[in-house]
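S.K.: What follows is start_21.cif, mmCIF, C-alpha atoms.
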```cif
data_data
#
loop_
_atom_site.label_atom_id
_atom_site.label_comp_id
_atom_site.auth_asym_id
_atom_site.auth_seq_id
_atom_site.Cartn_x
_atom_site.Cartn_y
_atom_site.Cartn_z
CA MET Y 27 100.11 9.02 -48.00
CA LYS Y 28 99.24 10.02 -44.46
CA ARG Y 29 97.40 13.11 -45.68
CA ARG Y 30 95.41 11.10 -48.18
CA PHE Y 31 94.44 8.63 -45.45
CA LEU Y 32 93.35 11.49 -43.20
CA PHE Y 33 91.32 13.04 -46.03
CA PHE Y 34 89.67 9.66 -46.62
CA GLU Y 35 88.86 9.30 -42.92
CA VAL Y 36 87.38 12.81 -42.67
CA SER Y 37 85.27 12.40 -45.78
CA ASN Y 38 84.08 9.02 -44.49
CA LEU Y 39 83.07 10.61 -41.20
CA LYS Y 40 81.28 13.41 -43.04
CA THR Y 41 79.32 10.89 -45.11
CA GLU Y 42 78.38 8.98 -41.95
CA MET Y 43 77.20 12.21 -40.27
CA MET Y 44 75.23 13.16 -43.38
CA LYS Y 45 73.62 9.74 -43.33
CA CYS Y 46 72.74 10.14 -39.65
CA ARG Y 47 71.16 13.53 -40.37
CA ILE Y 48 69.09 12.03 -43.18
CA PHE Y 49 67.87 9.25 -40.90
CA ASP Y 50 67.43 11.59 -37.91
CA ASN Y 51 63.98 12.69 -39.09
CA ASP Y 52 62.95 9.13 -39.88
CA LEU Y 53 63.92 7.79 -36.46
CA MET Y 54 60.86 9.35 -34.79
CA LEU Y 55 58.56 7.88 -37.45
CA TYR Y 56 60.33 4.52 -37.15
CA ALA Y 57 59.87 4.59 -33.34
CA GLU Y 58 56.16 5.32 -33.84
CA GLY Y 59 55.95 2.39 -36.28
CA SER Y 60 54.68 4.57 -39.09
CA LEU Y 61 57.47 3.77 -41.58
CA ASP Y 62 57.12 0.98 -44.09
CA GLY Y 63 58.64 -0.42 -47.24
CA GLU Y 64 61.97 0.80 -48.54
CA LYS Y 65 62.38 3.60 -46.02
CA LYS Y 66 61.91 1.22 -43.10
CA ALA Y 67 64.47 -1.20 -44.56
CA ALA Y 68 66.94 1.65 -45.16
CA VAL Y 69 66.56 2.86 -41.56
CA GLU Y 70 67.06 -0.69 -40.25
CA THR Y 71 70.22 -1.15 -42.34
CA HIS Y 72 71.60 2.13 -41.06
CA LEU Y 73 70.68 1.26 -37.46
CA SER Y 74 72.59 -2.02 -37.66
CA GLU Y 75 75.73 -0.06 -38.61
CA CYS Y 76 75.42 3.08 -36.48
CA LEU Y 77 75.65 3.03 -32.67
CA ASP Y 78 74.76 6.74 -32.42
CA CYS Y 79 71.47 6.25 -34.22
CA ARG Y 80 70.71 3.04 -32.29
CA SER Y 81 71.20 4.99 -29.05
CA ALA Y 82 69.11 7.90 -30.36
CA LEU Y 83 66.32 5.48 -31.26
CA ALA Y 84 66.46 3.97 -27.75
CA VAL Y 85 66.25 7.49 -26.25
CA ILE Y 86 63.20 8.31 -28.39
CA SER Y 87 61.42 5.00 -27.69
CA ASP Y 88 62.10 4.97 -23.95
CA THR Y 89 61.06 8.63 -23.54
CA ARG Y 90 57.83 7.92 -25.43
CA ILE Y 91 57.16 4.84 -23.28
CA LEU Y 92 57.73 6.80 -20.05
CA ILE Y 93 55.49 9.67 -21.18
CA GLU Y 94 52.72 7.27 -22.26
CA LYS Y 95 53.00 5.45 -18.92
CA GLU Y 96 52.70 8.71 -16.94
CA LYS Y 97 49.93 9.98 -19.21
CA SER Y 98 47.88 6.87 -18.49
CA MET Y 99 47.82 7.64 -14.76
CA VAL Y 100 44.64 9.21 -13.43
CA PRO Y 101 44.21 11.47 -10.42
CA ASN Y 102 42.85 10.16 -7.15
CA GLN Y 103 39.07 9.63 -7.35
CA PHE Y 104 38.69 11.55 -4.09
CA LEU Y 105 40.53 14.59 -5.44
CA PHE Y 106 37.51 16.89 -5.20
CA THR Y 107 36.87 15.79 -1.60
CA ARG Y 108 40.53 16.54 -0.82
CA ILE Y 109 40.26 19.97 -2.46
CA ILE Y 110 37.15 20.83 -0.46
CA ALA Y 111 38.74 19.52 2.74
CA GLY Y 112 41.79 21.68 1.98
CA LEU Y 113 39.59 24.72 1.35
CA ASP Y 114 37.57 24.20 4.52
CA SER Y 115 40.36 23.41 6.92
CA GLY Y 116 42.87 25.86 5.52
CA LYS Y 117 45.37 23.30 6.71
CA MET Y 118 48.74 22.85 5.04
CA ASN Y 119 48.96 19.95 2.64
CA HIS Y 120 51.98 17.72 2.21
CA TYR Y 121 53.58 20.10 -0.30
CA GLU Y 122 53.10 23.21 1.84
CA TYR Y 123 54.10 21.23 4.90
CA LYS Y 124 57.40 20.35 3.21
CA ARG Y 125 57.86 23.93 2.04
CA ILE Y 126 57.56 25.34 5.54
CA LEU Y 127 58.63 22.51 7.82
CA VAL Y 128 61.82 21.57 5.99
CA PRO Y 129 63.41 25.07 6.17
CA ALA Y 130 62.30 25.26 9.83
CA MET Y 131 63.99 21.91 10.51
CA VAL Y 132 67.16 23.05 8.75
CA ALA Y 133 67.17 26.28 10.76
CA SER Y 134 66.72 24.43 14.07
CA PHE Y 135 69.43 21.94 13.08
CA LEU Y 136 71.84 24.79 12.31
CA ILE Y 137 71.00 26.50 15.62
CA LEU Y 138 71.60 23.20 17.46
CA VAL Y 139 74.95 22.76 15.68
CA ALA Y 140 75.90 26.34 16.55
CA VAL Y 141 74.96 25.89 20.23
CA LEU Y 142 76.75 22.55 20.58
CA GLY Y 143 79.73 23.93 18.67
CA GLY Y 144 79.80 26.94 20.99
CA ILE Y 145 79.71 24.70 24.08
CA ASN Y 146 82.56 22.53 22.77
CA LEU Y 147 84.59 25.56 21.75
CA GLY Y 148 84.02 27.03 25.20
CA ARG Y 149 85.26 23.79 26.77
CA LEU Y 150 88.38 23.89 24.61
CA LEU Y 151 89.13 27.47 25.57
CA TYR Y 152 88.13 27.07 29.24
CA ILE Y 153 90.92 27.89 31.73
CA ASN Y 154 90.90 25.99 35.00
CA HIS Y 155 91.08 28.77 37.56
CA GLU Y 156 92.34 26.47 40.34
CA ASP Y 157 95.47 25.73 38.30
CA VAL Y 158 96.25 29.36 37.67
CA SER Y 159 94.98 30.80 40.98
CA TYR Y 160 98.50 31.35 42.33
CA ILE Y 161 99.36 33.48 39.25
CA ILE Y 162 96.24 35.56 39.77
CA GLN Y 163 97.03 35.99 43.49
CA GLU Y 164 100.55 37.15 42.64
CA GLU Y 165 99.22 39.65 40.12
CA ASN Y 166 96.58 40.86 42.54
CA ARG Y 167 99.15 41.35 45.29
CA SER Y 168 101.28 43.61 43.12
CA LEU Y 169 98.28 45.56 41.96
CA ASN Y 170 96.58 45.81 45.34
CA ASP Y 171 98.83 47.80 47.68
CA LEU Y 172 96.33 47.64 50.51
CA LYS Y 173 97.27 44.04 51.22
CA GLN Y 174 100.87 45.06 51.75
CA GLU Y 175 100.15 48.33 53.56
CA SER Y 176 96.92 49.15 55.40
CA ILE Y 177 95.11 52.36 54.54
CA GLU Y 178 95.70 53.76 58.06
CA ASN Y 179 99.45 53.29 57.70
CA PHE Y 180 99.32 54.89 54.29
CA PHE Y 181 97.63 58.03 55.63
CA LEU Y 182 99.88 58.17 58.66
CA THR Y 183 102.91 57.98 56.43
CA SER Y 184 101.58 60.64 54.12
CA GLU Y 185 100.76 62.91 57.16
CA ASN Y 186 104.30 62.47 58.49
CA LEU Y 187 105.73 63.26 55.11
CA LYS Y 188 103.71 66.50 54.97
CA LYS Y 189 104.82 67.46 58.49
CA ASP Y 190 108.43 66.82 57.59
CA GLU Y 191 108.08 69.16 54.67
CA MET V 2 29.21 28.60 -28.34
CA ASN V 3 26.82 26.80 -26.04
CA LYS V 4 29.71 25.13 -24.24
CA LEU V 5 31.45 28.48 -23.84
CA THR V 6 28.34 30.13 -22.43
CA ASN V 7 27.90 27.16 -20.12
CA GLU V 8 31.48 27.34 -18.96
CA SER V 9 31.33 31.08 -18.31
CA GLU V 10 28.13 30.51 -16.32
CA VAL V 11 29.79 27.70 -14.38
CA ILE V 12 32.80 29.95 -13.69
CA ARG V 13 30.54 32.78 -12.55
CA SER V 14 28.65 30.47 -10.20
CA ALA V 15 31.87 28.92 -8.88
CA SER V 16 33.39 32.35 -8.24
CA ALA V 17 30.26 33.19 -6.23
CA GLY V 18 31.04 30.17 -4.04
CA ASP V 19 28.83 27.53 -5.69
CA ARG V 20 30.64 24.27 -4.92
CA GLU V 21 28.62 22.19 -7.38
CA ALA V 22 29.74 24.50 -10.20
CA PHE V 23 33.31 24.28 -8.95
CA LYS V 24 33.01 20.47 -8.92
CA ASN V 25 32.09 20.64 -12.62
CA LEU V 26 35.24 22.65 -13.34
CA VAL V 27 37.38 20.21 -11.36
CA ASN V 28 35.86 17.22 -13.19
CA ASN V 29 36.49 18.83 -16.57
CA TYR V 30 40.10 19.80 -16.00
CA GLN V 31 41.54 17.55 -13.29
CA THR V 32 43.08 15.00 -15.68
CA GLY V 33 44.84 17.66 -17.76
CA VAL V 34 46.17 19.52 -14.72
CA TYR V 35 47.27 16.26 -13.07
CA ARG V 36 49.16 15.19 -16.22
CA VAL V 37 50.94 18.54 -16.45
CA CYS V 38 51.95 18.37 -12.78
CA LEU V 39 53.09 14.76 -13.20
CA GLY V 40 55.14 15.80 -16.23
CA PHE V 41 57.03 18.22 -14.02
CA VAL V 42 57.42 16.22 -10.79
CA HIS V 43 57.16 12.55 -11.96
CA THR V 44 55.79 11.24 -8.66
CA THR V 45 52.08 10.55 -8.25
CA ALA V 46 51.90 11.74 -4.62
CA ASP V 47 53.51 15.10 -5.43
CA ALA V 48 51.42 15.48 -8.60
CA GLU V 49 48.23 14.90 -6.57
CA ASP V 50 49.30 17.44 -3.95
CA LEU V 51 50.09 19.96 -6.66
CA THR V 52 46.77 19.35 -8.45
CA GLN V 53 44.97 19.93 -5.15
CA GLU V 54 46.98 23.12 -4.61
CA VAL V 55 46.18 24.35 -8.13
CA PHE V 56 42.42 23.91 -7.69
CA ILE V 57 42.45 25.46 -4.22
CA GLU V 58 44.18 28.50 -5.70
CA VAL V 59 41.77 28.51 -8.65
CA PHE V 60 38.78 28.56 -6.28
CA ARG V 61 40.29 31.37 -4.22
CA SER V 62 41.28 33.44 -7.28
CA LEU V 63 38.22 32.86 -9.47
CA VAL V 64 36.94 36.30 -8.47
CA LYS V 65 40.05 37.79 -10.11
CA PHE V 66 39.50 35.88 -13.38
CA ARG V 67 38.38 38.54 -15.83
CA GLY V 68 37.94 36.29 -18.83
CA ASP V 69 40.60 38.07 -20.93
CA SER V 70 41.94 34.64 -21.88
CA GLU V 71 40.40 31.19 -21.99
CA PHE V 72 39.75 29.64 -18.58
CA SER V 73 41.91 26.64 -19.52
CA THR V 74 44.84 28.95 -20.41
CA TRP V 75 44.54 30.69 -17.03
CA LEU V 76 44.26 27.33 -15.23
CA TYR V 77 47.28 25.82 -17.00
CA ARG V 78 49.29 28.96 -16.23
CA ILE V 79 48.58 28.43 -12.52
CA ALA V 80 49.49 24.73 -12.82
CA VAL V 81 52.78 25.53 -14.60
CA ASN V 82 53.72 28.24 -12.08
CA LYS V 83 52.92 25.97 -9.12
CA SER V 84 54.93 23.11 -10.63
CA LEU V 85 57.95 25.29 -11.45
CA ASN V 86 57.80 26.79 -7.97
CA TYR V 87 57.65 23.31 -6.46
CA LEU V 88 60.75 22.24 -8.44
CA ARG V 89 62.56 25.42 -7.36
CA VAL V 90 61.80 24.76 -3.68
CA LYS V 91 62.73 21.10 -4.12
CA SER V 92 66.10 21.89 -5.69
CA ARG V 93 66.78 24.39 -2.89
CA ASN V 94 65.95 21.75 -0.30
CA ASN V 95 67.91 19.01 -2.07
CA ILE V 96 70.58 19.20 0.60
CA ILE V 97 67.99 17.85 3.06
CA SER V 98 67.95 14.57 1.12
CA LEU V 99 71.50 14.03 2.41
CA PHE V 100 69.91 13.48 5.81
CA ASP V 101 67.20 11.18 4.46
CA PHE V 102 68.21 7.77 5.74
CA ARG V 103 65.15 5.92 4.49
CA THR V 104 65.90 3.01 2.17
CA PRO V 105 64.99 3.86 -1.43
CA ALA V 106 62.23 1.79 -2.99
CA ASN V 107 63.57 -1.35 -4.58
CA PRO V 108 62.16 -1.69 -8.12
CA VAL V 109 62.68 -5.48 -8.10
CA LEU V 110 60.70 -5.94 -4.87
CA ASN V 111 57.94 -3.62 -6.07
CA HIS V 112 57.63 -5.28 -9.46
CA ASP V 113 54.63 -7.43 -10.20
CA PRO V 114 55.78 -10.33 -12.44
CA ALA V 115 52.22 -10.97 -13.55
CA ALA V 116 52.00 -7.48 -15.02
CA GLY V 117 54.46 -7.88 -17.89
CA ASP V 118 56.51 -10.39 -19.81
CA ASP V 119 59.99 -8.89 -19.19
CA SER V 120 59.89 -9.74 -15.52
CA SER V 121 63.47 -10.83 -14.93
CA PRO V 122 65.08 -8.82 -12.10
CA ASP V 123 67.81 -7.62 -14.49
CA ASN V 124 65.28 -6.22 -16.95
CA VAL V 125 63.33 -4.55 -14.17
CA LEU V 126 66.48 -2.89 -12.86
CA ILE V 127 67.59 -1.75 -16.33
CA LYS V 128 64.11 -0.35 -17.02
CA ALA V 129 64.02 1.48 -13.68
CA ASP V 130 67.51 2.83 -14.29
CA ARG V 131 66.56 4.13 -17.74
CA GLU V 132 63.38 5.72 -16.43
CA LYS V 133 65.40 7.50 -13.76
CA ALA V 134 67.89 8.72 -16.40
CA ILE V 135 65.05 10.10 -18.54
CA LYS V 136 63.36 11.80 -15.58
CA ASP V 137 66.68 13.35 -14.53
CA ALA V 138 67.26 14.53 -18.11
CA LEU V 139 63.77 16.09 -18.21
CA ASN V 140 64.47 17.81 -14.89
CA ARG V 141 67.73 19.22 -16.24
CA LEU V 142 65.97 21.05 -19.09
CA PRO V 143 65.67 24.83 -18.64
CA GLY V 144 62.26 25.96 -17.28
CA THR V 145 60.81 27.28 -20.54
CA GLN V 146 61.89 24.25 -22.58
CA LYS V 147 60.51 21.92 -19.89
CA THR V 148 57.19 23.80 -19.80
CA ALA V 149 56.76 23.68 -23.59
CA PHE V 150 57.75 19.99 -23.70
CA VAL V 151 55.42 18.95 -20.85
CA LEU V 152 52.43 20.87 -22.21
CA SER V 153 53.01 19.45 -25.67
CA ARG V 154 53.80 15.83 -24.81
CA TYR V 155 51.87 15.20 -21.58
CA ASP V 156 48.67 17.03 -22.45
CA ASP V 157 48.94 17.07 -26.27
CA LEU V 158 48.17 20.78 -26.36
CA PRO V 159 48.56 22.50 -29.75
CA ASN V 160 51.48 24.91 -30.12
CA ALA V 161 49.09 27.89 -30.39
CA GLU V 162 47.61 27.13 -26.95
CA ILE V 163 51.05 26.54 -25.45
CA ALA V 164 52.10 29.91 -26.88
CA GLU V 165 49.13 31.56 -25.18
CA ILE V 166 49.82 29.85 -21.85
CA MET V 167 53.49 30.81 -21.96
CA GLN V 168 52.74 34.25 -23.44
CA LEU V 169 55.13 33.65 -26.35
CA SER V 170 54.84 33.48 -30.13
CA ILE V 171 54.11 30.16 -31.83
CA SER V 172 57.53 30.16 -33.49
CA SER V 173 59.18 30.60 -30.09
CA VAL V 174 57.27 27.57 -28.80
CA GLU V 175 58.36 25.55 -31.84
CA SER V 176 61.94 26.58 -31.20
CA LEU V 177 61.65 25.68 -27.50
CA LEU V 178 60.28 22.24 -28.38
CA PHE V 179 63.06 21.65 -30.90
CA ARG V 180 65.73 22.68 -28.38
CA ALA V 181 64.12 20.58 -25.62
CA LYS V 182 64.24 17.46 -27.81
CA ARG V 183 67.81 18.19 -28.91
CA ASN V 184 68.94 18.78 -25.30
CA LEU V 185 67.22 15.62 -24.07
CA ARG V 186 69.04 13.63 -26.70
CA LYS V 187 72.34 15.37 -25.88
CA ILE V 188 71.96 14.56 -22.18
CA LEU V 189 70.80 10.97 -22.67
CA LEU V 190 72.99 9.81 -25.59
CA PRO V 191 76.19 9.22 -23.56
CA TYR V 192 74.21 7.14 -21.02
CA TYR V 193 72.52 5.07 -23.74
CA LYS V 194 75.70 4.60 -25.78
CA LYS V 195 77.43 3.23 -22.70
CA ASN V 196 74.57 0.82 -21.97
CA ILE V 197 73.73 -0.27 -25.50
CA GLU V 198 77.30 -1.01 -26.66
#
```
Spell out the structure here as structure tokens.
M.R.:
Amino acid sequence: MKRRFLFFEVSNLKTEMMKCRIFDNDLMLYAEGSLDGEKKAAVETHLSECLDCRSALAVISDTRILIEKEKSMVPNQFLFTRIIAGLDSGKMNHYEYKRILVPAMVASFLILVAVLGGINLGRLLYINHEDVSYIIQEENRSLNDLKQESIENFFLTSENLKKDE
Amino acid sequence: MNKLTNESEVIRSASAGDREAFKNLVNNYQTGVYRVCLGFVHTTADAEDLTQEVFIEVFRSLVKFRGDSEFSTWLYRIAVNKSLNYLRVKSRNNIISLFDFRTPANPVLNHDPAAGDDSSPDNVLIKADREKAIKDALNRLPGTQKTAFVLSRYDDLPNAEIAEIMQLSISSVESLLFRAKRNLRKILLPYYKKNIE
């Protein structure tokens, strides 16, 4: 019973898809308004039942409307003057300006971020030398014998040691 | 024949620096070039900048034009290359738009109620939203499909001329157009289904 129901569903879906394919070619003509008579009525009946085809028709119509709207636009009447001005000045236009200035701005922004980041990182890692000065002094004292024993004493002691030998 | 001879004379004069001859060329082709650029970028300001760029390059490179192909084919090739290059640069710089804090244009405020009958703010917003969806879908098409579609739909060029501009066979152009339409529908159908239901 279940299998038969499934078979029925699948075959129904196939018929619907077949129908959509048949009407697919007519949708464009319908959108252009060049269908009439029986074919037009058949497309309209199918459209009232099928959301996919209604959506496809809306896509076709809206795309056509947008293209017609953009096609109706005309270039600036001073285009030739702009071209000549561009040729004479050799200046960058808006497009070139964007092409060069934007990467330059990004680069300077990144450099600024890197510098500020470096300063902040430096502040984080900065050691206050006044706080640790006593440690440094201790270390220096053990490393620097001259503070404990003057150089004259050192030589005198080494001379005496040699004499003793 | 006469037109061709005239055009080749005009091109020869323009390449020698004759600005009047160049003006003739601009007048003859500016609408077509502008439409193609607009088909790629969808904003009038950018399309005008690109058209200007195309003609500046044409004037500078006219000396190199050997006449192996039609002048219009050569011109459209420059327009297509400039437009594709512009889109490439734009997509690379898209991250910059994250730092663009300007308020986007409000379609309801910019709408002129006297211009059309469906002037309710809801309709204006829906229309603007759909236009944006279509433009985005067109921008998402692969370069070759977009080029074939724009040349065919925005400038009504025959497939043979598109094939020459794109240096492909006519059957390849037909296939590109078919795939462009199918992809557009594939991209837009989920959006429309959601909004039409």
S.K.: Counting only C-alpha atoms, which residues of chain V come no farther than 9 Å from chain Y, as a PyMOL selection string?
M.R.: chain V and resi 20+24+27-28+31-32+35-36+39-40+43+45+47-54+56-57+60-61+87+90-91+94+97+128+131-132+135-136+154-156+185-186+189-194+196-198
S.K.: Extract, using all atoms listed in the file, all DNA, RNA and protein residues at most 12 Å from Arg78 of chain V, discarding same-chain residues fewer than 4 positions from it, and format them as a compact mmCIF listing (two decimals) with C-alpha atoms, in the frame of the given file.
M.R.:
```txt
# COMPACT_ATOMS: atom_id res chain seq x y z
CA VAL V 34 46.17 19.52 -14.72
CA VAL V 37 50.94 18.54 -16.45
CA CYS V 38 51.95 18.37 -12.78
CA VAL V 55 46.18 24.35 -8.13
CA GLU V 58 44.18 28.50 -5.70
CA VAL V 59 41.77 28.51 -8.65
CA SER V 70 41.94 34.64 -21.88
CA GLU V 71 40.40 31.19 -21.99
CA PHE V 72 39.75 29.64 -18.58
CA SER V 73 41.91 26.64 -19.52
CA THR V 74 44.84 28.95 -20.41
CA ASN V 82 53.72 28.24 -12.08
CA LYS V 83 52.92 25.97 -9.12
CA SER V 84 54.93 23.11 -10.63
CA LEU V 85 57.95 25.29 -11.45
CA THR V 148 57.19 23.80 -19.80
CA ALA V 149 56.76 23.68 -23.59
CA LEU V 152 52.43 20.87 -22.21
CA GLU V 162 47.61 27.13 -26.95
CA ILE V 163 51.05 26.54 -25.45
CA ALA V 164 52.10 29.91 -26.88
CA GLU V 165 49.13 31.56 -25.18
CA ILE V 166 49.82 29.85 -21.85
CA MET V 167 53.49 30.81 -21.96
CA GLN V 168 52.74 34.25 -23.44
```
S.K.: Just to confirm, what's the straight-line distance from atom CA of Arg141 of chain V to atom CA of Val174 of chain V in Å (one decimal)?
M.R.: 18.4 Å
S.K.: Taking all atoms of segment 136-152 of chain Y that the file lists, what box with edges along x, y and z, padded by 5 Å per side, do you get, with centre and edge lengths in Å to one decimal, as JSON?
M.R.:
```
{"center_x": 80.1, "center_y": 25.0, "center_z": 20.8, "size_x": 28.1, "size_y": 14.9, "size_z": 26.9}
```
S.K.: Please indicate the distance in Å from atom CA of Leu73 of chain Y to atom CA of Ser176 of chain V, rounded to one decimal place.
M.R.: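 Computing it gives 27.5 Å between the two atoms.
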S.K.: Please indicate the distance in Å from atom CA of Asn184 of chain V to atom CA of Ala161 of chain V, rounded to one decimal place.
M.R.: 22.4 Å
